[in-house]
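Asks: Structure supplied as protein-v4.txt; contents: compact mmCIF, C-alpha atoms.
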```txt
# COMPACT_ATOMS: atom_id res chain seq x y z
CA MET A 1 -8.84 29.69 3.87
CA THR A 2 -6.32 31.33 6.18
CA THR A 3 -3.20 32.67 4.53
CA ALA A 4 0.05 32.04 6.39
CA PRO A 5 3.31 33.90 5.78
CA VAL A 6 5.63 32.13 3.36
CA PRO A 7 8.95 31.25 5.03
CA GLY A 8 12.28 32.02 3.42
CA PRO A 9 14.45 29.25 2.02
CA SER A 10 16.39 28.83 5.26
CA SER A 11 13.38 28.98 7.62
CA PRO A 12 12.52 25.78 9.48
CA PRO A 13 9.64 24.15 7.57
CA ASN A 14 8.03 22.67 10.66
CA SER A 15 8.07 23.89 14.25
CA HIS A 16 7.46 20.34 15.60
CA PRO A 17 9.64 18.01 13.55
CA LEU A 18 9.66 14.36 14.53
CA PRO A 19 13.04 13.29 15.97
CA ALA A 20 15.44 11.48 13.64
CA GLU A 21 15.01 8.46 15.89
CA ALA A 22 11.33 8.23 14.89
CA TYR A 23 12.23 7.91 11.22
CA GLU A 24 14.93 5.34 11.96
CA ARG A 25 12.67 3.26 14.23
CA MET A 26 9.80 3.25 11.76
CA ALA A 27 12.15 2.22 8.97
CA LEU A 28 13.44 -0.54 11.25
CA VAL A 29 9.90 -1.71 12.09
CA LEU A 30 9.05 -1.95 8.39
CA ARG A 31 12.32 -3.65 7.46
CA LEU A 32 12.19 -6.14 10.34
CA GLY A 33 8.50 -6.96 9.87
CA LEU A 34 8.91 -7.49 6.15
CA GLY A 35 12.09 -9.52 6.63
CA VAL A 36 10.49 -11.82 9.20
CA ALA A 37 7.31 -12.20 7.11
CA LEU A 38 9.21 -12.99 3.92
CA GLY A 39 11.51 -15.39 5.78
CA ILE A 40 8.53 -17.32 7.15
CA LEU A 41 6.74 -17.25 3.78
CA GLY A 42 9.90 -18.38 1.94
CA ILE A 43 10.37 -21.33 4.30
CA GLY A 44 6.68 -22.16 3.89
CA VAL A 45 6.79 -22.16 0.09
CA VAL A 46 9.94 -24.30 -0.07
CA ALA A 47 8.48 -26.73 2.47
CA TYR A 48 5.25 -26.91 0.50
CA LEU A 49 7.11 -27.68 -2.74
CA LEU A 50 9.20 -30.37 -0.99
CA GLN A 51 6.10 -31.94 0.55
CA ASN A 52 4.17 -31.88 -2.73
CA PRO A 53 6.67 -32.82 -5.47
CA GLY A 54 4.07 -33.88 -8.04
CA ALA A 55 1.56 -31.11 -7.40
CA SER A 56 0.17 -28.86 -10.12
CA SER A 57 -0.96 -25.24 -9.91
CA SER A 58 -4.61 -26.29 -10.17
CA ASP A 59 -4.23 -28.27 -6.91
CA VAL A 60 -3.09 -25.08 -5.18
CA LEU A 61 -5.80 -22.90 -6.68
CA SER A 62 -8.56 -25.30 -5.68
CA HIS A 63 -7.41 -25.66 -2.08
CA ASN A 64 -7.11 -22.68 0.27
CA PRO A 65 -6.05 -23.66 3.80
CA ILE A 66 -6.23 -20.11 5.14
CA LEU A 67 -9.51 -20.43 7.07
CA THR A 68 -8.21 -23.43 9.01
CA TYR A 69 -5.54 -21.43 10.81
CA LEU A 70 -7.18 -18.06 11.41
CA HIS A 71 -8.18 -18.98 14.96
CA LEU A 72 -5.25 -18.53 17.32
CA SER A 73 -5.60 -21.97 18.94
CA GLU A 74 -5.63 -23.72 15.56
CA LEU A 75 -2.68 -21.65 14.34
CA VAL A 76 -0.63 -22.58 17.41
CA SER A 77 -1.49 -26.27 17.18
CA GLY A 78 -0.80 -26.19 13.42
CA LEU A 79 2.61 -24.64 13.99
CA ALA A 80 3.37 -27.15 16.74
CA ALA A 81 2.46 -29.96 14.33
CA GLY A 82 4.71 -28.44 11.64
CA SER A 83 1.85 -27.72 9.24
CA VAL A 84 3.03 -25.80 6.16
CA GLY A 85 -0.37 -24.10 5.89
CA ALA A 86 0.00 -22.78 9.44
CA VAL A 87 3.52 -21.49 8.68
CA LEU A 88 2.29 -19.67 5.58
CA THR A 89 -0.66 -18.21 7.50
CA LEU A 90 1.72 -16.94 10.20
CA GLY A 91 3.85 -15.25 7.52
CA LEU A 92 0.79 -13.49 6.11
CA ILE A 93 -0.30 -12.36 9.58
CA VAL A 94 3.17 -10.86 10.24
CA LEU A 95 3.01 -9.13 6.85
CA VAL A 96 -0.38 -7.54 7.70
CA ALA A 97 0.79 -6.64 11.22
CA THR A 98 3.90 -4.78 9.99
CA PRO A 99 2.23 -1.51 8.87
CA ILE A 100 0.01 -1.69 11.97
CA ALA A 101 3.16 -1.80 14.12
CA ARG A 102 4.37 1.24 12.18
CA VAL A 103 1.18 3.13 13.14
CA ALA A 104 1.72 2.10 16.77
CA SER A 105 5.28 3.40 16.52
CA GLY A 106 3.98 6.73 15.15
CA LEU A 107 1.48 6.91 18.01
CA TYR A 108 4.34 6.50 20.49
CA TYR A 109 6.44 9.29 19.00
CA PHE A 110 3.56 11.75 18.64
CA GLN A 111 2.55 11.03 22.23
CA ARG A 112 6.13 11.49 23.40
CA GLY A 113 6.30 14.83 21.57
CA ARG A 114 3.04 15.85 23.34
CA GLU A 115 1.25 16.44 20.06
CA ARG A 116 -2.31 15.86 21.14
CA ALA A 117 -3.96 16.20 17.74
CA MET A 118 -1.54 13.87 15.93
CA THR A 119 -1.60 11.40 18.86
CA GLY A 120 -5.40 11.30 18.64
CA ILE A 121 -5.26 10.76 14.88
CA ALA A 122 -2.73 7.91 15.20
CA PHE A 123 -4.83 6.32 17.96
CA ILE A 124 -8.01 6.43 15.85
CA VAL A 125 -6.16 4.89 12.87
CA LEU A 126 -4.85 2.09 15.09
CA VAL A 127 -8.29 1.37 16.58
CA LEU A 128 -9.89 1.29 13.12
CA LEU A 129 -7.26 -1.16 11.85
CA LEU A 130 -7.81 -3.50 14.79
CA LEU A 131 -11.58 -3.15 14.41
CA GLY A 132 -11.35 -4.29 10.79
CA ILE A 133 -9.22 -7.32 11.53
CA LEU A 134 -10.74 -8.44 14.82
CA VAL A 135 -14.40 -7.48 14.37
CA ILE A 136 -15.51 -6.66 10.80
CA GLY A 137 -13.61 -9.49 9.06
CA PRO A 138 -14.82 -12.27 11.36
CA LEU A 139 -18.38 -10.82 11.31
CA ILE A 140 -18.75 -11.09 7.54
CA ARG A 141 -16.80 -14.36 7.19
CA MET B 1 1.23 -26.17 -14.82
CA ASP B 2 3.89 -27.76 -12.61
CA LEU B 3 3.77 -26.16 -9.17
CA ALA B 4 7.49 -25.34 -8.96
CA LEU B 5 7.31 -23.56 -12.33
CA PHE B 6 4.10 -21.82 -11.25
CA VAL B 7 5.81 -20.51 -8.10
CA LEU B 8 8.91 -19.40 -10.02
CA LEU B 9 6.81 -17.50 -12.59
CA LEU B 10 4.79 -15.89 -9.79
CA VAL B 11 8.01 -14.60 -8.20
CA LEU B 12 9.34 -13.23 -11.50
CA VAL B 13 6.10 -11.46 -12.45
CA ALA B 14 5.81 -10.09 -8.91
CA VAL B 15 9.34 -8.61 -9.15
CA LEU B 16 8.18 -6.67 -12.20
CA ALA B 17 4.95 -5.56 -10.47
CA GLY B 18 6.87 -4.43 -7.40
CA LEU B 19 9.33 -2.43 -9.49
CA VAL B 20 6.61 -0.62 -11.43
CA GLY B 21 4.53 -0.16 -8.27
CA SER B 22 7.27 1.53 -6.30
CA LEU B 23 8.46 3.75 -9.13
CA THR B 24 4.96 5.08 -9.76
CA GLY B 25 3.52 5.04 -6.24
CA LEU B 26 0.76 2.76 -7.49
CA GLY B 27 1.74 -0.07 -5.16
CA GLY B 28 2.10 -2.97 -7.57
CA GLY B 29 -1.30 -4.52 -6.89
CA VAL B 30 -2.89 -2.89 -9.90
CA VAL B 31 -0.30 -4.62 -12.10
CA MET B 32 -0.40 -7.94 -10.29
CA ILE B 33 -4.18 -8.45 -10.08
CA PRO B 34 -4.92 -8.55 -13.83
CA LEU B 35 -1.82 -10.66 -14.41
CA LEU B 36 -2.92 -13.19 -11.77
CA VAL B 37 -6.25 -13.64 -13.52
CA VAL B 38 -4.88 -13.68 -17.08
CA LEU B 39 -1.59 -15.58 -16.67
CA PHE B 40 -2.16 -17.66 -13.55
CA ALA B 41 -5.90 -18.46 -13.81
CA THR B 42 -6.78 -17.38 -10.28
CA SER B 43 -10.33 -16.27 -9.50
CA ILE B 44 -10.92 -12.50 -9.25
CA PRO B 45 -11.56 -12.54 -5.46
CA VAL B 46 -8.33 -14.50 -4.84
CA ALA B 47 -6.47 -12.10 -7.16
CA ILE B 48 -7.84 -9.19 -5.13
CA GLY B 49 -6.82 -10.89 -1.88
CA THR B 50 -3.34 -11.45 -3.29
CA GLY B 51 -3.31 -7.82 -4.42
CA PHE B 52 -3.37 -6.76 -0.78
CA VAL B 53 -0.31 -8.93 -0.13
CA THR B 54 1.42 -7.24 -3.06
CA ILE B 55 0.64 -3.83 -1.60
CA LEU B 56 1.84 -4.78 1.88
CA ALA B 57 5.16 -6.05 0.55
CA THR B 58 5.66 -3.01 -1.71
CA SER B 59 4.81 -0.49 0.96
CA SER B 60 6.98 -2.07 3.65
CA ALA B 61 9.94 -2.55 1.30
CA THR B 62 9.88 0.95 -0.17
CA GLY B 63 8.50 2.56 2.97
CA ALA B 64 11.59 1.59 4.95
CA THR B 65 13.89 3.25 2.42
CA TYR B 66 11.73 6.33 1.89
CA VAL B 67 11.26 6.85 5.63
CA ARG B 68 15.01 6.51 6.24
CA ASP B 69 15.70 9.05 3.47
CA ARG B 70 12.95 11.39 4.82
CA LEU B 71 11.17 11.30 1.48
CA SER B 72 7.96 10.00 3.12
CA ASP B 73 6.20 12.59 5.24
CA ILE B 74 5.07 10.61 8.29
CA ARG B 75 2.90 13.40 9.66
CA ILE B 76 0.99 13.97 6.43
CA GLY B 77 0.72 10.22 5.78
CA MET B 78 -0.62 9.48 9.26
CA PHE B 79 -3.10 12.36 9.08
CA LEU B 80 -4.54 11.16 5.77
CA GLU B 81 -4.76 7.54 6.94
CA ILE B 82 -7.68 8.63 9.09
CA ALA B 83 -9.61 8.82 5.80
CA THR B 84 -8.10 5.91 3.84
CA VAL B 85 -8.53 3.28 6.58
CA PRO B 86 -12.32 3.60 7.06
CA GLY B 87 -12.61 3.83 3.28
CA ALA B 88 -10.70 0.56 2.88
CA LEU B 89 -12.78 -1.18 5.55
CA LEU B 90 -15.93 -0.10 3.72
CA GLY B 91 -14.52 -1.08 0.32
CA ALA B 92 -13.32 -4.54 1.35
CA THR B 93 -16.59 -5.26 3.12
CA ALA B 94 -18.49 -4.20 0.00
CA THR B 95 -16.33 -6.46 -2.18
CA VAL B 96 -17.09 -9.50 -0.04
CA PHE B 97 -20.81 -8.86 -0.53
CA LEU B 98 -20.58 -7.75 -4.18
CA THR B 99 -18.57 -10.84 -5.14
CA HIS B 100 -21.62 -12.91 -4.33
CA ALA B 101 -23.89 -10.48 -6.21
CA HIS B 102 -21.84 -10.74 -9.46
CA LEU B 103 -21.32 -6.96 -9.71
CA ALA B 104 -17.51 -6.96 -9.86
CA SER B 105 -17.44 -6.26 -13.62
CA ALA B 106 -19.29 -2.94 -13.33
CA LEU B 107 -16.96 -1.91 -10.51
CA LEU B 108 -13.90 -2.70 -12.62
CA ILE B 109 -15.17 -0.42 -15.38
CA ALA B 110 -15.70 2.36 -12.83
CA LEU B 111 -12.14 1.90 -11.58
CA GLY B 112 -10.77 2.20 -15.11
CA VAL B 113 -12.68 5.45 -15.64
CA VAL B 114 -11.32 6.87 -12.37
CA LEU B 115 -7.76 5.96 -13.39
CA LEU B 116 -8.21 7.55 -16.82
CA GLY B 117 -9.52 10.71 -15.14
CA THR B 118 -6.28 11.19 -13.23
CA ILE B 119 -4.14 11.33 -16.40
CA PRO B 120 -5.12 14.83 -17.64
CA LEU B 121 -4.62 16.14 -14.11
CA VAL B 122 -1.13 14.69 -13.96
CA LEU B 123 -0.27 15.91 -17.47
CA SER B 124 -1.48 19.42 -16.68
CA ARG B 125 1.37 19.84 -14.20
CA ARG B 126 4.14 18.16 -16.12
CA HIS B 127 6.16 21.37 -16.29
CA VAL B 128 6.29 21.73 -12.49
CA GLU B 129 9.47 20.22 -11.06
CA ILE B 130 9.05 21.54 -7.51
CA PRO B 131 5.80 23.38 -6.59
CA ALA B 132 6.13 26.87 -5.13
CA LEU B 133 5.51 27.26 -1.39
CA GLY B 134 1.93 28.48 -1.10
CA PRO B 135 -0.51 29.38 1.69
CA GLN B 136 -1.72 26.69 4.08
CA GLY B 137 -5.27 25.93 5.10
CA PRO B 138 -6.13 26.09 8.83
CA VAL B 139 -6.05 22.30 9.40
CA ALA B 140 -2.73 21.80 7.60
CA ARG B 141 -1.20 24.69 9.51
CA ARG B 142 -2.50 23.58 12.91
CA LEU B 143 -1.12 20.06 12.45
CA GLY B 144 2.20 21.34 11.10
CA LEU B 145 1.85 19.53 7.78
CA SER B 146 5.07 20.72 6.19
CA GLY B 147 8.64 19.56 5.86
CA GLU B 148 11.66 19.32 3.63
CA TYR B 149 13.68 16.64 1.89
CA TYR B 150 17.07 16.42 0.25
CA ASP B 151 16.71 16.08 -3.51
CA HIS B 152 19.60 13.97 -4.80
CA PHE B 153 19.06 15.10 -8.38
CA LEU B 154 18.94 18.83 -7.57
CA GLN B 155 21.51 18.37 -4.77
CA ARG B 156 19.72 20.66 -2.33
CA ASP B 157 17.08 20.65 0.42
CA VAL B 158 13.57 21.21 -0.91
CA PRO B 159 11.03 22.67 1.56
CA TYR B 160 7.32 22.04 1.06
CA ARG B 161 4.05 22.95 2.80
CA ALA B 162 0.77 21.04 2.57
CA ALA B 163 -1.97 23.35 1.32
CA ARG B 164 -5.54 22.11 1.67
CA ALA B 165 -6.24 19.22 4.03
CA ARG B 166 -10.01 18.81 3.70
CA PRO B 167 -10.21 18.12 -0.05
CA ALA B 168 -7.25 15.77 0.35
CA LEU B 169 -9.18 13.87 3.04
CA ALA B 170 -12.16 13.49 0.71
CA VAL B 171 -9.99 12.13 -2.11
CA MET B 172 -8.17 9.85 0.35
CA PHE B 173 -11.45 8.36 1.59
CA SER B 174 -12.34 7.56 -2.03
CA ALA B 175 -8.85 6.10 -2.51
CA GLY B 176 -9.42 3.92 0.56
CA VAL B 177 -12.74 2.64 -0.80
CA VAL B 178 -11.15 1.85 -4.19
CA SER B 179 -8.17 0.19 -2.51
CA GLY B 180 -10.39 -1.92 -0.27
CA MET B 181 -12.67 -2.98 -3.10
CA PHE B 182 -10.03 -3.96 -5.64
CA GLY B 183 -6.97 -4.90 -3.60
CA ILE B 184 -4.92 -2.18 -5.24
CA GLY B 185 -2.93 0.61 -3.63
CA ALA B 186 -5.06 3.28 -5.31
CA GLY B 187 -1.76 5.12 -5.46
CA ALA B 188 -2.97 7.13 -8.45
CA LEU B 189 -5.65 8.75 -6.30
CA LYS B 190 -3.34 9.15 -3.33
CA VAL B 191 -0.62 10.81 -5.40
CA LEU B 192 -3.34 13.02 -6.90
CA ALA B 193 -4.50 14.20 -3.47
CA LEU B 194 -0.97 14.74 -2.19
CA GLU B 195 0.16 16.58 -5.27
CA ARG B 196 -2.92 18.54 -6.26
CA SER B 197 -4.77 19.27 -3.00
CA MET B 198 -1.71 19.42 -0.78
CA ASN B 199 0.70 20.93 -3.34
CA LEU B 200 3.55 18.56 -2.44
CA PRO B 201 6.56 17.79 -4.65
CA MET B 202 6.17 14.70 -6.83
CA LYS B 203 8.79 12.66 -5.00
CA VAL B 204 7.29 13.41 -1.58
CA SER B 205 3.84 12.56 -2.97
CA THR B 206 5.07 9.25 -4.38
CA ALA B 207 7.02 8.29 -1.26
CA THR B 208 4.19 9.31 1.11
CA SER B 209 1.70 7.41 -1.05
CA ASN B 210 3.90 4.31 -0.78
CA PHE B 211 4.10 4.87 2.96
CA MET B 212 0.31 5.12 3.29
CA ILE B 213 -0.81 2.27 1.07
CA GLY B 214 0.50 -0.36 3.49
CA VAL B 215 -1.83 0.83 6.23
CA THR B 216 -4.75 1.09 3.82
CA ALA B 217 -3.98 -2.43 2.60
CA ALA B 218 -3.70 -3.77 6.14
CA ALA B 219 -7.28 -2.61 6.72
CA GLY B 220 -8.54 -4.30 3.55
CA ALA B 221 -6.32 -7.36 3.96
CA GLY B 222 -7.69 -8.10 7.42
CA VAL B 223 -11.21 -8.33 6.01
CA MET B 224 -10.23 -10.35 2.91
CA LEU B 225 -7.91 -12.68 4.83
CA SER B 226 -10.61 -13.71 7.25
CA ALA B 227 -13.12 -14.04 4.42
CA GLY B 228 -10.85 -16.66 2.79
CA TYR B 229 -9.78 -14.65 -0.26
CA VAL B 230 -6.03 -14.87 0.35
CA ASN B 231 -4.49 -18.12 -0.88
CA PRO B 232 -1.15 -18.40 0.95
CA ILE B 233 0.48 -20.64 -1.69
CA VAL B 234 -0.19 -17.95 -4.29
CA ALA B 235 0.36 -15.00 -1.97
CA ALA B 236 3.74 -16.08 -0.54
CA PRO B 237 5.74 -16.12 -3.83
CA VAL B 238 3.99 -12.88 -4.84
CA ALA B 239 4.98 -11.21 -1.56
CA ILE B 240 8.62 -12.27 -1.96
CA GLY B 241 8.84 -11.16 -5.60
CA THR B 242 7.03 -7.86 -5.02
CA ALA B 243 9.23 -6.92 -2.09
CA LEU B 244 12.34 -7.56 -4.17
CA GLY B 245 11.01 -5.48 -7.09
CA ALA B 246 9.89 -2.67 -4.79
CA PHE B 247 13.26 -2.58 -3.08
CA LEU B 248 15.00 -2.26 -6.45
CA GLY B 249 12.57 0.52 -7.43
CA SER B 250 13.16 2.48 -4.23
CA GLN B 251 16.91 2.41 -4.86
CA VAL B 252 16.34 4.03 -8.25
CA LEU B 253 13.71 6.67 -7.36
CA PRO B 254 15.82 9.18 -5.36
CA ALA B 255 18.23 9.55 -8.29
CA LEU B 256 15.45 10.24 -10.82
CA ARG B 257 14.25 13.67 -11.88
CA ASN B 258 10.62 14.35 -10.89
CA ARG B 259 9.69 14.70 -14.53
CA THR B 260 11.04 11.20 -15.21
CA VAL B 261 8.81 9.76 -12.47
CA ARG B 262 5.84 11.51 -14.05
CA THR B 263 6.73 10.16 -17.47
CA ILE B 264 6.64 6.63 -16.05
CA TYR B 265 3.37 7.30 -14.24
CA VAL B 266 1.25 8.35 -17.23
CA PRO B 267 1.74 5.39 -19.61
CA VAL B 268 1.45 2.89 -16.74
CA VAL B 269 -1.85 4.37 -15.56
CA LEU B 270 -3.16 4.59 -19.13
CA ALA B 271 -2.33 0.97 -19.92
CA LEU B 272 -3.81 -0.30 -16.66
CA ALA B 273 -6.98 1.77 -17.02
CA ILE B 274 -7.60 0.29 -20.48
CA GLU B 275 -6.84 -3.18 -19.16
CA VAL B 276 -9.23 -2.80 -16.24
CA ILE B 277 -12.05 -1.50 -18.47
CA LEU B 278 -11.55 -4.34 -20.97
CA ARG B 279 -11.64 -6.82 -18.11
CA GLY B 280 -14.81 -5.24 -16.80
CA LEU B 281 -16.39 -5.53 -20.24
CA GLY B 282 -15.29 -9.17 -20.45
CA ILE B 283 -13.04 -8.51 -23.47
CA ALA B 284 -9.61 -9.01 -21.85
```
Take the structure in the file and give it back as structure tokens.

Replies:
Amino acid sequence: MTTAPVPGPSSPPNSHPLPAEAYERMALVLRLGLGVALGILGIGVVAYLLQNPGASSSDVLSHNPILTYLHLSELVSGLAAGSVGAVLTLGLIVLVATPIARVASGLYYFQRGRERAMTGIAFIVLVLLLLGILVIGPLIR
Amino acid sequence: MDLALFVLLLVLVAVLAGLVGSLTGLGGGVVMIPLLVVLFATSIPVAIGTGFVTILATSSATGATYVRDRLSDIRIGMFLEIATVPGALLGATATVFLTHAHLASALLIALGVVLLGTIPLVLSRRHVEIPALGPQGPVARRLGLSGEYYDHFLQRDVPYRAARARPALAVMFSAGVVSGMFGIGAGALKVLALERSMNLPMKVSTATSNFMIGVTAAAGAGVMLSAGYVNPIVAAPVAIGTALGAFLGSQVLPALRNRTVRTIYVPVVLALAIEVILRGLGIA
């Protein structure tokens, strides 16, 4: 292991700090994504309860509508028809997409700072995430 | 149970899970999953699928606050995600297959043992409030894996430097596999790697772990979602409750002394490890 000199208390800890804007944007991405996802999910739950006033928890646990709306065309037509299952599925998709958008945001700032190694790392992470959702998941469905 | 009451109870329990998850860096899923099975009678695969939702809500809620306060180290988190994401993809894929092979119980016992193993390591450093700045390995130095944060309790800037990147990557890959298999944040393992291998302060470790678990969970969630193991009627109230609890937790963390965070961490991990083992043995 290579030993590096230990900086003094006032030395800059990192010669390539990310700009303050990067931290603020990533925080915004997370806050917005979560807010939108929870808003959609909240509307979906309330709508489901209103549509099913006499339902019990066992009805919910025995019926999972998720697979119906995982194809984009079915999700769009479900949303157009006002399906509660489609609304809830959309909320879950936004929730999953939020940290992925954060990785994309990191990729942008590392690329803008011309940090080749960190840009490459962020790109690989992003590709792996998309691979899992778009390829691996559907393959083993 | 009446559905409205079921939903209300899910939200309340999820608030508690989110609070504990964000304070410890565990992510909330490890609390929520056993509770879903025991209290809400969901199947284990659906509980695991919902666990990912819990993690996503916790990480996004706390991540926003920690990132804004510079407690999360984006560079270190992003670097280590290159190990956790493939681990999570592998883990979630394995779970889909193992669920059909009825081997989930043995895996739960293994998880409990791993969690128990982290406790002596955490206890062994209980006296360390802020680790001393040490030498960096070549990878950590090349990528500039260092930083500083303002400690509200100590009322000063605290510099830190990541030490060894390679062992941290190995632990993070394992954490990704565990996270993907069980729908938990595997925050215990992530905090372990950040604190022990990388020699980071406890608060930075906890905040960076929270920051990372969302991406790890997104990898696992994608697989489980498309495999049909996320029930949106269960997951939606859990997401809402967890986010609320995690937000409350993140407001409290910056004002806590590192030692206090550690004191919360140990009993929570111990209780959950025992719970997971008992579940694996079919006792709980």

Asks: Could you work out how far atom CA of Gly220 of chain B lies from atom CA of Thr95 of chain B, giving the answer in Å with one decimal?

Replies: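 Taking atom CA of Thr95 of chain B and atom CA of Gly220 of chain B, their separation equals 9.9 Å.
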
Asks: Would you mind reading off the distance between atom CA of Ala219 of chain B and atom CA of Val84 of chain A, one decimal, in Å?

Replies: 25.4 Å

Asks: Enumerate, in order of chain and increasing residue number, the residues of chain B with an atom no farther than 7 Å from chain A, each with its shortest atom pair and distance in Å to one decimal, counting only C-alpha atoms, as a Markdown table.

Replies:
```
| residue | atom | partner | partner_atom | distance |
| --- | --- | --- | --- | --- |
| B:Met1 | CA | A:Ser57 | CA | 5.5 |
| B:Asp2 | CA | A:Ser56 | CA | 4.6 |
| B:Leu3 | CA | A:Ser56 | CA | 4.6 |
| B:Ala4 | CA | A:Leu49 | CA | 6.7 |
| B:Phe6 | CA | A:Ser57 | CA | 6.3 |
| B:Thr42 | CA | A:Leu61 | CA | 6.7 |
| B:Leu56 | CA | A:Leu95 | CA | 6.7 |
| B:Ala57 | CA | A:Leu34 | CA | 6.9 |
| B:Ser60 | CA | A:Leu30 | CA | 5.2 |
| B:Ala61 | CA | A:Arg31 | CA | 6.7 |
| B:Ala64 | CA | A:Ala27 | CA | 4.1 |
| B:Thr65 | CA | A:Ala27 | CA | 6.9 |
| B:Val67 | CA | A:Tyr23 | CA | 5.8 |
| B:Arg68 | CA | A:Ala27 | CA | 5.8 |
| B:Met78 | CA | A:Ala122 | CA | 6.5 |
| B:Phe79 | CA | A:Ile121 | CA | 6.4 |
| B:Glu81 | CA | A:Val125 | CA | 6.6 |
| B:Ile82 | CA | A:Val125 | CA | 5.5 |
| B:Val85 | CA | A:Val125 | CA | 6.9 |
| B:Pro86 | CA | A:Leu128 | CA | 6.9 |
| B:Leu89 | CA | A:Gly132 | CA | 6.3 |
| B:Leu133 | CA | A:Val6 | CA | 6.8 |
| B:Gly134 | CA | A:Val6 | CA | 6.8 |
| B:Pro135 | CA | A:Thr3 | CA | 5.1 |
| B:Gln136 | CA | A:Ala4 | CA | 6.1 |
| B:Gly137 | CA | A:Met1 | CA | 5.3 |
| B:Pro138 | CA | A:Thr2 | CA | 5.9 |
| B:Gly144 | CA | A:Asn14 | CA | 6.0 |
| B:Ser146 | CA | A:Asn14 | CA | 5.7 |
| B:Gly147 | CA | A:Pro13 | CA | 5.0 |
| B:Glu148 | CA | A:Pro13 | CA | 6.6 |
| B:Pro159 | CA | A:Pro13 | CA | 6.3 |
| B:Gly214 | CA | A:Pro99 | CA | 5.8 |
| B:Val215 | CA | A:Pro99 | CA | 5.4 |
| B:Ala218 | CA | A:Val96 | CA | 5.3 |
| B:Ala219 | CA | A:Leu129 | CA | 5.3 |
| B:Gly222 | CA | A:Ile133 | CA | 4.5 |
| B:Val223 | CA | A:Gly137 | CA | 4.1 |
| B:Ser226 | CA | A:Gly137 | CA | 5.5 |
| B:Ala227 | CA | A:Arg141 | CA | 4.6 |
| B:Gly228 | CA | A:Leu67 | CA | 5.9 |
| B:Asn231 | CA | A:Asn64 | CA | 5.4 |
| B:Pro232 | CA | A:Leu88 | CA | 5.9 |
| B:Ile233 | CA | A:Val60 | CA | 6.7 |
| B:Ala236 | CA | A:Leu41 | CA | 5.4 |
| B:Ile240 | CA | A:Leu38 | CA | 6.0 |
```

Asks: Determine, counting only C-alpha atoms, which protein, DNA and RNA residues have an atom within 7 Å of an atom of Gly176 of chain B; residues of the same chain fewer than 2 positions away are not included. Present the result as a ChimeraX atom specification.

Replies: /B:84-85,87-88,172-174,178-180,216

Asks: Which value, in Å to one decimal, gives the distance between atom CA of Phe182 of chain B and atom CA of Ser105 of chain B?

Replies: 11.1 Å

Asks: Compile the contact shell of segment 242-247 of chain B as a PyMOL selection string: residues with an atom at most 9 Å away, counting all atoms listed in the file, same-chain residues fewer than 4 positions apart removed.

Replies: (chain A and resi 34+38) or (chain B and resi 11-23+27-28+53-62+65+237-238+251-252)
